[in-house]
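**Student:** Sending over a structure as C-alpha cells; questions will come in a sec.
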Amino acid sequence: MVLLILLIVLAVTVASTPLLDRLLGRNAGWPIAAVFLGLTLLVAAQAPQVLGSGEPLEFSRPWMPQIGVELHLRMDGLGWLFTMLVTGIGALIMAYSTRYFPPRRRFGFYFLMTLFATAMSGLVLADDVVLLFVFWELTTIASFYLIGLSGPSASRPAIRTFLLTAMGGLALLAAAVLLIVRTGTSQLSVILADTSWTEDTGFVSLVAVLVAVAVFTKSAQFPFHYWLPDAMAASTPVSAYLHAAAMVKAGIYLAMRFTPAFGDLLLWNTLLIVLGLTTAVVGAVFALQQHDLKRLAAFSTVSQLGFLVAVIGVGTPEALVAAAVHTVAHALFKSALFMSVGLVDIQAGTRDLRQLGGLRRRMPVTAALAALAALSMAGIPPLLGFISKENLFEAFLHAPGPAWFGPVAGAAAVGAAAFTFAYSFRFVYGAFWGEPRGDAEERTASEARPSFWLPAMTASLGGVLLGLTVPILDTMVNEVALNATHEAADAHLLLWHGLNAALGMSAAAVGLGALLAWRSRSGDALAGRDLVPVTGVWIFEFLHEGIVRVGRRTGDLTRTDSPAFHLGVPVVLIIALASVVAVVGLDLPPVAGQTAMGLDWLLVGLMAVAVGAAVVTRSRMAGLALVGVAGFTVALWLFFLGAFDVALTQLLVEILTVVVAVLVLRRLPKKFHRVKRSRTALTAVIAIGAGLTAAVGAYALTGRREISAAGEYFLGNAPEDTGGTNVVNTILVDYRALDTFGELVVLGVAGLIIIAVLHSSGLLPVHSSRRVVVGGTNAAYPPEDNTVLMRTVGRFLMPLLVLWSVYLLFRGHNEPGGGFIAGLVGGSGFALLYLAAPSDDRARIRLAYPAIIGAGVLVAAFSGFLGYADGSFLKPLHAEIPLAWGGYFHFTTALVFDVGVYLAVVGVLLTALNELGLERGEGSVREPEGFRTDRPSAQASGDDAPALDGSTTGGNR
Amino acid sequence: MNALDVAGIVCMTAGALVFLVGSIGLLRLQDFYARLSGVSIAGALGTALLLLGLLLHYPTVDNAIKIGLALLIQLATAAVGGNAIARAGYLVGVKPTEKTQFDDLAATEKDG
Amino acid sequence: MTLAITIGIMVAGGVYLMLQRGMVRIVLGLVLLGHSVNLLIMSAGGVFRRDLPLLQFGTALTAGDPLPQAFVLTAIVIAFSIAIYMLTLAASGSDDDTEDAS
Amino acid sequence: MHYIDIGLAAIVLAMAIATYRILTGPSAADRGAASDVVFFGFVGLVAMLGYRLDTELVVDIVLVSALVGFLAALSLARLITGGKR
Amino acid sequence: MNTSLLPLFVAVPLVSAGLLIVLGGPLWLRRTLLLAPSSAALLASTGLIWLTRDGAVFAHNVGLWQDGIAIPFVADVLSALMLWTTSLLALVCSAFAIATGDDRRPFFATLVLVLTAGVSGALLTGDIFNMFVFIEVMLLPSYGLLAMLGALGRLRAGRIYVTVNLLTSTIFLAGVALVYASAGTVHLGELAGAAKEDPAVAVGAGVVILALSIKAAVVPVHGWLARTYPAASPAVTALFSGLHTKVAIYAIYRLYAMIFDGDAKFLWIGVVAFTLTMVIGVLGAVGENTTRSILVFHMISQIGYILLGVALFTELGLMAGIFYLIHHMIVKASLFLSTGAIEHTYGTGALDRLGGIAQREPLLALVFMGAALSLAGLPPFSGFVAKLTLVTAAVDDAQWTAVAVMIAVSLITLMSMLKIWGGVFWGREPKPHELPEPAVVGADGSVATRTTVPVKIRPALIAPGLVLTATTLCIGLGAQVLLDLSAQAAAGLMDTSGYVEAVLGR
Amino acid sequence: MTHLMWALRVLRFPFYAGWEIIRTSFEVMWDIVTPGSASTPAFVEVPIRCGSDLETTMLANLISLTPGTVTVAVRRAPATLWVHGLYVKDRASFLEGIREMENHILAATRLTGPPESAPAEGGRN
Ligand code: NA
Ligand code: NA
C-alpha cells in the first residue's frame with residue numbers, strides 16, 4: 001500500500017505542476033520539495049520493516065496478463081536505499097531550484113523533474129522486468145527533455161544522450177524478453193531467485209552482456225561515458241539531480257540488482273571491474289583537466305561511477321556493502337558540489353576556473369560547504385567518503401579471478417583516487433582560495449541568501465554527520481548486500497579499522513594526489529590538453545553521419561520517378577517465384593479435356609501479329625490501334641469460349657477505349673520516346689520471361705478439373721432462383737450483385753476523378769505536330785458542311801442506338817445484354833453525337849453527368865435496400881406484372897439494379913467526352929455558363945466556397 | 001447440306017477472298033487516297049458477302065431484318081468513315097502520288 | 001494450350017510496353033496485361049466446355065462455366081475505368097514522358 | 001477442317017496485312033484506314049464464326065459492331081487532325 | 001446479432017457519396033454527409049467488437065443465396081477491430097481535411113466516402129474475388145485524391161501510384177484466377193486449408209499474397225510507396241497510411257491463415273522479407289530530409305514489424321502482429337497529421353527550413369512527440385507494448401536474427417524521429433523569407449505574401465492528431481484491453497474452424 | 001400511280017447500288033492483283049443537284065462505297081462534292097459517271113423522279 005501511495009503521490013505531484021507553476025512560478029519548488037521530504041520520511045518510516053525484519057513491501061496489479069506482465073512493485077533494502085536517495089536528494093534540489101532560477105514560470109522544468117523522480121522511484125521499486133524497463137525508458141525520456149530545455153544549443157547533446165541511453169535501454173529490453181521467455185515469468189524477484197537459467201553459461205553470458213551494456217550506457221561508463229559531460233548543457237539543478245540521485249544511479253541500481261544472477265560469472269566480474277576502473281581513472285584524469293567547474297564535477301561523476309561499477313563487479317557481499325556506502329556518500333557530496341557550482345555561477349557570474357579565485361572571502365558559507373563536499377570526495381577522514389573509499393579498496397583487493405588481479409585492481413583504484421584528490425583540490429583551491437583572476441563581476445560577488453545555500457549545506461553536512469555516526473548505516477548496508485547478492489553480509493562500518501592494507505592505500509592515494517596537485521599547479525598544467533586524439537562525441541557523430549549516409553544510399557535504391565522501375569521489380573519477382581516453382585516441380589492432375597481446337601490457332605496468330613506490331617511501333621496512333629486489335633482478338637477468344645456477353649462487353653469497351661484514348665493522344669507527340677538499346681534488351685528479356693511464365697503457368701495450372709461446383713450450381717439453378725436464363729447476367733445482378741455494385745462504383749468514381757484531376761491540373765493543348773496544314777478557305781476545311789455526312793447518318797443511327805440499348809437492358813436477364821452492355825451502347829450514342837458535331841460548342845452535352853453517375857449509384861443502392869424487405873441487401877424481389885396484351889412480365893428488382901448500372905456507365909462516358917474532348921479557355925478551368933442553369937441542384941454547392949465553386953459537382957464549372 | 005448452305009459457304013468464302021484482295025490493296029496501291037479503295041472493297045463488298053452468307057445459313061425473318069439492318073448500317077458507316085479519314089488525311093497534307101492529274105480542292109484554297 | 005500461348009504472347013507484349021518510357025505505352029502495356037488476365041480467368045474455368053451459358057439457347061450440360069465469365073465482365077469494366085483515368089493522367093500537367101533524362 | 005476455314009484464314013491474313021499497314025503507315029491517315037479494315041475484318045470474322053460455331057446469336061454482335069465500329073473510324077480521323085472537326 | 005446489417009458498412013457511405021454528388025447542398029450538409037457515415041461506422045464497429053470479443057464470428061450471405069454460392073460478409077474480432085480503426089482514422093482525417101480546406105475540393109468528400117466503403121468491404125468480405133472488387137473500390141478514389149491534391153510532383157506520383165497499383169491488382173486477379181482454376185471456388189470458407197493440401201492452390205494463393213505484399217510495400221517492392229505518399233496532401237497521406245497498406249496487411253493475415261492454414265513451410269520467406277523490410281525502411285527514413293518522406297519510409301519499416309507477426313504464425317506472434325497493426329495505424333496517422341499541420345501552416349516539411357516549433361506550439365510538439373515515441377516503441381505508449389509483445393513472440397519462436405534486427409531498427413527509428421524533432425521542433429526558428437508561400441490558399445481564397453512566420457497553428461489542425469496520440473497513450477496504459485482482443489483475433493486465425501462454421505455452417 | 005412508280009424506283013436502287021459496288025470493286029481488284037497500275041488519279045470538283053442533306057449524304061456515301069472513288073469534301077451551297085477518283089480519264093466522263101449515280105439516288109428519294117434539267121456547268125475544265 002505504501003508503495004502505491006508513494007507512486008500516486010508522485011504522479012499527482014507531476015500532474016499538479018502546471019497549476020503550481022501558474023500559481024507560484026519558480027517557487028513551485030517549495031511545495032514539491034515538501035512533498036518529497038514527506039515521502040522521504042514515509043520511506044524512512046518503513047525502515048524497521050524493510051531493513052529491520054527484512055520483509056519487503058509488495059504491491060501488484062495485472063497489466064498485460066496475455067504476456068504475464070504485471071504492475072508489480074517491491075521494496076527491499078536495495079529499493080529502500082535508492083528510494084531514499086531519489087526523494088531525499090530530490091527534496092534538496094527542488095528547494096534549491098526555487099532560488100537558482102530567475103523569478104518566472106518554469107513549467108517544463110518542474111514537470112520534468114517530478115516526472116523524473118517518479119520514473120526513478122518506479123524503476124527502483126519495479127519487481128517486473130517489463131515495468132523496470134518502462135521506468136528505465138521514462139528516465140531516458142525525461143532527461144532528454146530536461147537537457148533540451150536549455151535552448152537550441154542543447155538539442156544536439158540531448159539527442160546524443162537520448163540515443164545512447166536508449167541503446168542501453170534496448171539491450172535491457174532484449175535481456176528482459178530473453179528472461180521472460182526463458183523463465184516464463186516477468187517477475188524480477190522470481191527470475192533472480194531462479195537458478196535454472198544461471199546455470200546455462202551461454203544464456204547467462206548473453207543476458208549479462210546485455211545488462212552490462214544497459215548499465216554502462218546509463219551510468220556513463222567507458223566507452224559510453226561521453227554523454228554525461230555532454231549533457232552539461234542542462235541547468236545545474238538538473239545536473240545535480242541526474243548525477244547524484246537519478247539517471248546515472250539507475251545503472252548502478254541495475255548492476256546491483258542483477259548481482260545475484262551474475263555475481264559468480266567471471267565475464268561479468270571482469271567486464272565490470274576492468275571497464276569500471278578504466279572509467280574511474282580516465283574520468284578522474286579528465287576531471288583534473290577541466291576549467292569549467294561544472295564539467296569538472298561531471299567528469300568526477302564519471303570517475304566515481306567507475307568506482308561503483310567496478311566494485312559491484314567484484315560481487316562479494318563486502319564489495320556490495322562498499323558499493324552501498326559509496327552510493328550514499330557520492331549522492332551527498334556530488335549533489336552538494338553541483339549546488340555549490342550553481343551558487344558560484346549565479347553569484348559570481350561564471351564558473352570558469354580561469355576567472356575565479358579567492359571567493360572564500362566573499363562567499364564563506366559556499367566555500368565551506370564546497371570544501372566539505374570535496375573532502376568527502378577526496379576520501380579524507382572523518383567524512384563518509386573516506387569510509388566508503390576504504391571499503392572500496394578493501395573490496396578490490398579481493399576481486400575474483402587470478403591472484404594478481406586483486407592487487408592490480410587495487411593499484412588502479414589508488415591511482416584513480418589520487419587523481420580524485422587532485423581534482424578535488426583543484427575544485428576548492430581554484431574557486432575559493434588564491435587570488436581573483438577574472439574581471440569585475442566576481443570580484444563583487446556576494447554570499448547567497450540562506451534559502452539558496454541551505455539545501456547544499458544540508459547535503460554537505462550529511463556527509464560529515466554520517467561519517468561520524470557511520471555505524472547507524474550497518475543494518476541498511478547489510479540488508480542491501482543481502483538483497484544484492486543473496487548472501488548475508490556482516491559489515492561493521494567504522495571510521496578506524498586499524499592499520500590495514502586499505503588504510504595504506506588511502507594514505508598512498510592522498511599522498512600521490514597531493515604530489516599530483518602540486519606538480520600540476522593544481523591541474524592547470526594539464527588542463528585543456530588533448531590527451532586522446534578523438535572524443536566520444538566525435539565518434540558518435542561519425543557513426544551517426546555514417547548511418548545517415550547509408551540511409552541516403554538505401555533510399556537512392558528506389559529514388560526514381562520512372563514507373564518502369566517500380567513496375568519492373570514486381571514482374572521480376574513473379575518470374576523468380578515461377579522459376580522456383582518450376583525447379584521444385586508440382587504434382588499436377590492430368591488435363592481434364594481438350595485444351596486446343598483447330599480454329600484457336602487463328603486467334604493465336606492474330607494475337608501474335610497484333611502484339612508484335614504493338615511492341616515495335618513508335619507511332620502512338622499505331623500503338624493504340626494495334627492494342628485495339630489485340631482487344632478485338634480477346635473479344636473473339638471470349639466468343640470462342642462461349643462467353644457471349646463478355647465478348648460483347650469487351651468489344652464495346654475496346655471501341656470506347658479508342659474513342660477516349662484519341663481525345664488524349666492528340667495532345668501528345670506522334671512518336672513515342674526513344675529508348676536506349678541496352679534498356680530495350682533488358683526489358684525484352686524481362687518481357688519474354690514474363691510471357692513464358694504466364695504461358696506455362698496458364699497451361700500448367702488451369703484446365704485440370706471438371707466444371708466447378710459453383711459453376712454447376714449456377715447452370716442448374718439460375719432460372720429457378722432468379723427467373724433469368726442468361727446465367728452470366730443472373731450472376732451479375734442476382735448472385736453476385738455486390739461485385740457488380742462495386743464495379744459500378746469503380747466506374748463512376750473513374751468519371752469523378754477525371755473531373756477532379758482536370759480541375760486541379762488541366763489538360764495539355766493539342767500537340768503542335770498534329771495541326772491541320774490546309775488553309776481555312778479550302779473547301780475541305782469548313783466543319784459545318786463537311787460533317788454533314790456523319791450528322792445525317794448519325795441522325796438515323798442515334799434512335800437505333802437508343803432503342804437497341806433499351807432493348808438490351810430489358811432482355812439482359814434472359815438473353816445477351818444487361819446494364820453494362822446497354823449502357824455502353826447508349827454511351828456510344830453520345831459518343832456519336834460528340835464526334836459528329838460540327839463544333840465543340842455543339843458537341844458539348846448539356847447534361848449533369850456527375851449527377852447521372854451519382855444517380856446510378858443511388859439507384860443501384862436503392863434496389864439493394866429494397867432487398868431488405870426480403871431480408872438482405874441486394875436480394876432481388878420478384879413480381880409478375882400482367883401485360884395488356886396478355887401474359888406476364890417477370891419483373892425483378894435486379895432490373896432496377898441494372899438501370900443503376902446503365903446510368904453510371906452513361907454518366908462516365910459523358911464525363912470522358914466532355915472533360916477530355918472539349919477545349920478549355922487558356923489558363924482557365926472554368927467553362928461557360930449555361931451548364932449551371934441546367935443543373936439547379938448543383939447551385940448550392942458554391943455558396944461558401946467562392947474560390948472553389950462547384951466543389952462537389954465537377955460539371956458545375 | 002442443302003442448297004442454301006452451299007450458297008452460304010460460297011458467299012462467305014467469296015467474301016473472305018474479296019476481303020483479302022482489298023487488304024492486299026492496302027499494300028499494293030500507290031498512295032493513301034488509292035488505298036482507301038482497298039478499304040471500301042473490304043468494307044463494302046467483302047463484308048456484304050459475309051453477312052449475306054450468314055443470312056443464308058440462318059434464313060429466318062428475324063435474322064433477315066437484323067442482318068439487313070446491320071448491312072445497311074455497315075455500308076453507311078463504312079462510307080462516312082472512309083470519307084472522314086480521307087478528309088482528315090487531306091487536311092493534314094497527306095501527299096497524293098505524283099501521277100495525280102489535278103486537284104480541284106487545292107484550287108479552292110488559292111481562290112479563297 | 002492455345003489459350004495459354006495467347007496469354008503468354010499478351011503478357012510478354014504487355015510487360016515490354018509497360019517497361020518503356022511514356023505514360024501512353026505504359027497504359028497500353030497495362031491494358032494488354034489486363035486482357036491477358038481476363039483470358040486467364042476464362043482458362044481457369046476450363047476451355048473444353050465452350051457452349052453459351054444461355055439456357056434459352058442451349059443445354060446446361062455443355063455450357064461453359066458462367067462464374068469466370070461474370071468475373072471477367074466485372075474485371076473488364078474495372079480495367080476500362082482505370083484505363084481512361086490513366087489516359088487522363090497521361091495528358092494532364094505535362095508531356096507523358098515518365099522520365100527526366102532522355 | 002471445314003470449308004469455311006479457308007475463308008477464316010483469308011480474313012485473318014487480311015487483318016495481318018492491315019496490321020502491317022498500321023505499323024508502317026507512312027501517314028497517320030494510312031494507319032487510320034488500315035485500322036478500319038481490321039475492324040471490318042473483325043465483323044467478318046464474327047459472321048463466319050457464327051456459321052462455324054453454329055451460333056445464331058452472332059447476328060447481335062454484328063449489329064452492335066456495325067453500330068459502334070463507326071465510332072472508331074471517326075475517332076481515328078479526329079486524331080489525325082488533332083481534334084479539328 | 002442481425003447479421004444482415006453487415007453490408008451497411010459498405011452501403012451507407014456509398015449512399016452518402018451518391019447523395020453528395022446529386023444534391024450538392026450547403027457546406028454544412030456536405031460535411032455532415034462526410035462525417036456521419038464514419039461516425040456511425042465507429043459506433044457500429046465498437047458494438048461489433050463487443051459482440052465478437054469472445055471469439056464469436058458473424059456471417060451473412062449477401063442476397064441470402066445459399067452457403068458457398070453467395071458472397072459472405074463476415075465479422076470476427078479481427079475485422080471488427082480493423083473496422084473500428086479505419087472508421088476512427090477516416091473520421092479524424094476528414095476532420096483534418098475540413099480544417100485544411102481540402103474538403104472543399106471537387107468530390108473530395110465523395111471520394112473519401114467511397115474509399116471507406118471499399119476498405120470496409122475488403123475487411124468484411126469472405127470471397128477473394130469480391131475482395132479484389134472492393135480493393136478497387138478503395139483504390140479508384142485514392143488515385144484521384146493523390147493526383148488532385150498535394151504538392152507539385154503529384155501528377156508524377158499519381159502516375160507511379162496508379163500504374164503500380166493497377167499492375168498489382170492485375171497480379172492479384174491472376175492469383176485469384178489460379179486459385180479458382182485449382183480449387184474451383186473463391187469462397188474463403190471453402191478455401192480453408194486448400195493451399196496446404198494442394199500445391200497448385202498454394203501457387204495461386206502465393207501470387208495473391210505476393211500482390212498484397214506489393215500493395216503493403218514490402219521490400220523489395222516498396223519503392224513506389226516512398227515515391228508517392230509524400231506527394232499527396234497531408235490529410236490524404238494520413239488517410240492512405242492508415243487504410244491502404246493496412247488493408248493489404250489485413251488481407252495477408254486473413255488469407256494466409258485461411259487458405260494456407262498457417263502452413264509452416266513458407267514462413268521463412270516471410271521472416272526474411274519482413275526483416276529486410278524493417279531494415280531497408282528505417283535506413284531509408286534516416287536518410288531523408290523532409291518530415292513526410294521520413295515518416296513514409298518508417299511506414300515501410302513498420303510494415304515489416306507488423307507482418308513479422310504473421311510470418312511467425314504462433315498465437316503470440318499473431319497477437320503481437322495484430323496489436324502492432326492497430327497501434328501503427330493510429331500512431332502513423334497521428335504523425336502525418338501533426339507534421340501535416342506544420343506543413344500546411346508553414347508551407348514546407350523540409351527539416352532545414354523549419355525549427356523552434358516546440359517553443360511556439362508546445363501542444364503540437366507534445367502530440368508529435370507522444371506519437372513519435374510510441375512509434376519508436378517507448379513506454380508508456382502503445383508502441384512499447386507492440387514492440388515488447390512482438391519481440392517476445394520472436395524470441396519465443398527463436399527467430400534470433402529478427403529479434404536482433406527489431407531491436408537495432410528501433411534505435412534507428414528513434415534516431416530518425418529525433419531527426420525530425422531536432423530539425424522541426426527544436427533549433428532555430430525560420431525567418432519569414434526562408435519559408436515558401438503557403439501550399440494551400442486560405443479558406444477565403446486569398447493568397448497573401450508571407451511577411452511573418454505564421455503566428456499560430458490553428459487548434460482545428462492540432463486536434464485530430466491529439467485525438468490519435470491520446471488514443472495511443474490510452475492503448476499503452478490500458479494495454480490489456482487491446483491485447484485481449486488481439487489474442488482473440490489471433491486465436492481465430494490459428495483455428496479457422498469458427499470462421500468456416502460461420503460461413504458454411506459446417 | 002406516282003407512288004407506285006416511286007416505290008419501284010426505291011426498290012430498284014439497292015440493286016443498282018449493289019451492282020455499282022460489285023462492278024467497281026472488281027475493277028479495282030483487278031488492278032490490285034495484276035502487276036503495275038492503270039490508275040489516273042485526280043481530285044475532282046463535282047457540282048450536284050442534291051437538295052437535302054439526306055440526298056447529299058446518300059450520293060457522297062455511294063461514291064465512297066464504290067471502290068475507285070472517295071468523297072473528300074462537301075459543300076452544301078452551292079451543293080458540291082470534291083471526289084478523289086482513281087481512274088479519271090477526263091473530267092467530263094468522270095462527272096457523267098457521278099451524274100448517273102445521282103440520277104438513281106434522286107429517283108429514289110424524290111416522288112417526282114430526278115430533275116431533267118442539267119445542272120449549271122460550274123465545274124472546271
Ligand atoms: Na506531369
Ligand atoms: Na470508294
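Here's how to read the names in the C-alpha cells: chain A, B, ... by the order shown, residue numbers from 1 in each chain, ligand numbers from 1 in the order shown.
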Grab me every residue within 8 Å of ligand 2, counting only C-alpha atoms and all ligand atoms, and send it over as a list in words.

**Tutor:**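 These are the residues that qualify: Leu36, Ser37, Gly38, Val39, Ser40, Ile41, Ala79 and Gly82 of chain B; Leu62, Ile63, Ser64, Leu65, Thr66, Pro67, Gly68, Thr69, Val70 and Thr71 of chain F.
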
**Student:** List the spatial neighbours of Glu27 in chain F as a list in words - criterion: any atom at most 12 Å away, only C-alpha atoms, same-chain residues fewer than 3 positions off excluded.

**Tutor:**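 Skipping anything fewer than 3 positions along the chain leaves Val21, Gly22, Ser37, Gly38 and Ile41 of chain B; Glu20, Ile21, Ile22, Arg23, Thr24, Trp30, Asp31, Ile32, Val33, Thr34, Ser37, Ala38, Ser39, Thr66, Pro67, Gly68, Thr69, Leu86 and Tyr87 of chain F.
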
**Student:** Can I get the selected residues back with N, CA and C atoms, as a PDB file, in the first residue's frame?

**Tutor:**
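Just written: again-v2.pdb:
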```
ATOM      1  N   VAL B  21      -8.281  -9.552-100.943  1.00  0.00           N
ATOM      2  CA  VAL B  21      -7.762  -8.741-102.047  1.00  0.00           C
ATOM      3  C   VAL B  21      -7.781  -7.259-101.658  1.00  0.00           C
ATOM      4  N   GLY B  22      -8.874  -6.868-100.997  1.00  0.00           N
ATOM      5  CA  GLY B  22      -8.957  -5.480-100.556  1.00  0.00           C
ATOM      6  C   GLY B  22      -7.774  -5.104 -99.679  1.00  0.00           C
ATOM      7  N   SER B  37      -9.500   2.805-101.538  1.00  0.00           N
ATOM      8  CA  SER B  37     -10.315   1.892-102.351  1.00  0.00           C
ATOM      9  C   SER B  37     -10.216   0.476-101.822  1.00  0.00           C
ATOM     10  N   GLY B  38      -9.032   0.129-101.375  1.00  0.00           N
ATOM     11  CA  GLY B  38      -8.878  -1.180-100.751  1.00  0.00           C
ATOM     12  C   GLY B  38      -9.800  -1.302 -99.547  1.00  0.00           C
ATOM     13  N   ILE B  41     -13.368  -1.850-100.720  1.00  0.00           N
ATOM     14  CA  ILE B  41     -13.592  -3.217-101.211  1.00  0.00           C
ATOM     15  C   ILE B  41     -13.896  -4.138-100.042  1.00  0.00           C
TER      16      ILE B  41
ATOM     17  N   GLU F  20     -23.245  -1.425-108.790  1.00  0.00           N
ATOM     18  CA  GLU F  20     -22.147  -0.457-108.918  1.00  0.00           C
ATOM     19  C   GLU F  20     -20.964  -0.844-108.030  1.00  0.00           C
ATOM     20  N   ILE F  21     -21.310  -1.241-106.808  1.00  0.00           N
ATOM     21  CA  ILE F  21     -20.241  -1.615-105.867  1.00  0.00           C
ATOM     22  C   ILE F  21     -19.494  -2.833-106.403  1.00  0.00           C
ATOM     23  N   ILE F  22     -20.254  -3.818-106.875  1.00  0.00           N
ATOM     24  CA  ILE F  22     -19.602  -5.031-107.379  1.00  0.00           C
ATOM     25  C   ILE F  22     -18.716  -4.694-108.574  1.00  0.00           C
ATOM     26  N   ARG F  23     -19.293  -3.906-109.465  1.00  0.00           N
ATOM     27  CA  ARG F  23     -18.573  -3.582-110.691  1.00  0.00           C
ATOM     28  C   ARG F  23     -17.257  -2.861-110.381  1.00  0.00           C
ATOM     29  N   THR F  24     -17.389  -1.785-109.611  1.00  0.00           N
ATOM     30  CA  THR F  24     -16.171  -1.010-109.328  1.00  0.00           C
ATOM     31  C   THR F  24     -15.196  -1.814-108.483  1.00  0.00           C
ATOM     32  N   TRP F  30      -9.000  -6.029-109.824  1.00  0.00           N
ATOM     33  CA  TRP F  30      -8.188  -6.440-110.964  1.00  0.00           C
ATOM     34  C   TRP F  30      -6.893  -5.652-110.982  1.00  0.00           C
ATOM     35  N   ASP F  31      -7.029  -4.382-110.743  1.00  0.00           N
ATOM     36  CA  ASP F  31      -5.835  -3.537-110.703  1.00  0.00           C
ATOM     37  C   ASP F  31      -4.864  -3.990-109.607  1.00  0.00           C
ATOM     38  N   ILE F  32      -5.480  -4.430-108.513  1.00  0.00           N
ATOM     39  CA  ILE F  32      -4.632  -4.843-107.380  1.00  0.00           C
ATOM     40  C   ILE F  32      -3.890  -6.135-107.682  1.00  0.00           C
ATOM     41  N   VAL F  33      -4.618  -7.110-108.243  1.00  0.00           N
ATOM     42  CA  VAL F  33      -3.986  -8.422-108.402  1.00  0.00           C
ATOM     43  C   VAL F  33      -3.107  -8.510-109.638  1.00  0.00           C
ATOM     44  N   THR F  34      -3.265  -7.576-110.546  1.00  0.00           N
ATOM     45  CA  THR F  34      -2.366  -7.593-111.708  1.00  0.00           C
ATOM     46  C   THR F  34      -1.195  -6.674-111.434  1.00  0.00           C
ATOM     47  N   SER F  37       0.098  -0.597-112.466  1.00  0.00           N
ATOM     48  CA  SER F  37      -1.098   0.138-112.077  1.00  0.00           C
ATOM     49  C   SER F  37      -1.627   0.935-113.259  1.00  0.00           C
ATOM     50  N   ALA F  38      -2.937   0.858-113.427  1.00  0.00           N
ATOM     51  CA  ALA F  38      -3.563   1.565-114.541  1.00  0.00           C
ATOM     52  C   ALA F  38      -4.175   2.881-114.083  1.00  0.00           C
ATOM     53  N   SER F  39      -3.859   3.313-112.861  1.00  0.00           N
ATOM     54  CA  SER F  39      -4.594   4.437-112.294  1.00  0.00           C
ATOM     55  C   SER F  39      -4.193   5.772-112.911  1.00  0.00           C
ATOM     56  N   THR F  66     -18.214   2.892-103.462  1.00  0.00           N
ATOM     57  CA  THR F  66     -17.711   2.269-104.684  1.00  0.00           C
ATOM     58  C   THR F  66     -16.213   2.456-104.753  1.00  0.00           C
ATOM     59  N   PRO F  67     -15.476   1.361-104.759  1.00  0.00           N
ATOM     60  CA  PRO F  67     -14.019   1.468-104.809  1.00  0.00           C
ATOM     61  C   PRO F  67     -13.599   2.265-106.041  1.00  0.00           C
ATOM     62  N   GLY F  68     -12.535   3.009-105.885  1.00  0.00           N
ATOM     63  CA  GLY F  68     -12.064   3.819-107.010  1.00  0.00           C
ATOM     64  C   GLY F  68     -12.448   5.281-106.855  1.00  0.00           C
ATOM     65  N   THR F  69     -13.423   5.553-106.032  1.00  0.00           N
ATOM     66  CA  THR F  69     -13.779   6.944-105.777  1.00  0.00           C
ATOM     67  C   THR F  69     -14.012   7.131-104.294  1.00  0.00           C
ATOM     68  N   LEU F  86      -9.808   7.389-108.753  1.00  0.00           N
ATOM     69  CA  LEU F  86      -8.578   6.647-109.072  1.00  0.00           C
ATOM     70  C   LEU F  86      -8.416   6.525-110.604  1.00  0.00           C
ATOM     71  N   TYR F  87      -9.532   6.507-111.261  1.00  0.00           N
ATOM     72  CA  TYR F  87      -9.460   6.336-112.729  1.00  0.00           C
ATOM     73  C   TYR F  87     -10.211   7.496-113.390  1.00  0.00           C
TER      74      TYR F  87
END
```

**Student:** May I have the residues of chain B within 6 Å of chain D, counting only C-alpha atoms, written as number ranges by chain?

**Tutor:** B: 13, 16, 20, 23, 32, 39, 43, 47, 70, 74, 77, 81, 84-85, 88-89

**Student:** Taking only C-alpha atoms and all ligand atoms into account, which residues are within 12 Å of ligand 1, as a PyMOL selection string?

**Tutor:** (chain A and resi 561-562+757+761-764) or (chain C and resi 22-23+88-100) or (chain E and resi 147+152-160)

**Student:** With a cut-off of 6 Å and counting only C-alpha atoms, select all residues of chain F in contact with chain A and give the selection as a ChimeraX atom specification.

**Tutor:** /F:57,73-75

**Student:** Could you tell me how far CA of Ala244 in chain A sits from CA of Val86 in chain A, in Å to one decimal place?

**Tutor:**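 Separation of CA of Val86 in chain A and CA of Ala244 in chain A: 8.8 Å.
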
**Student:** Neighbours of Leu32 in chain C within 6 Å (only C-alpha atoms; same-chain residues fewer than 2 positions away dropped), as a list in words?

**Tutor:**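 Counting only C-alpha atoms, the residues come to Met10, Gly14, Gly29, Leu30, Gly34 and His35 of chain C.
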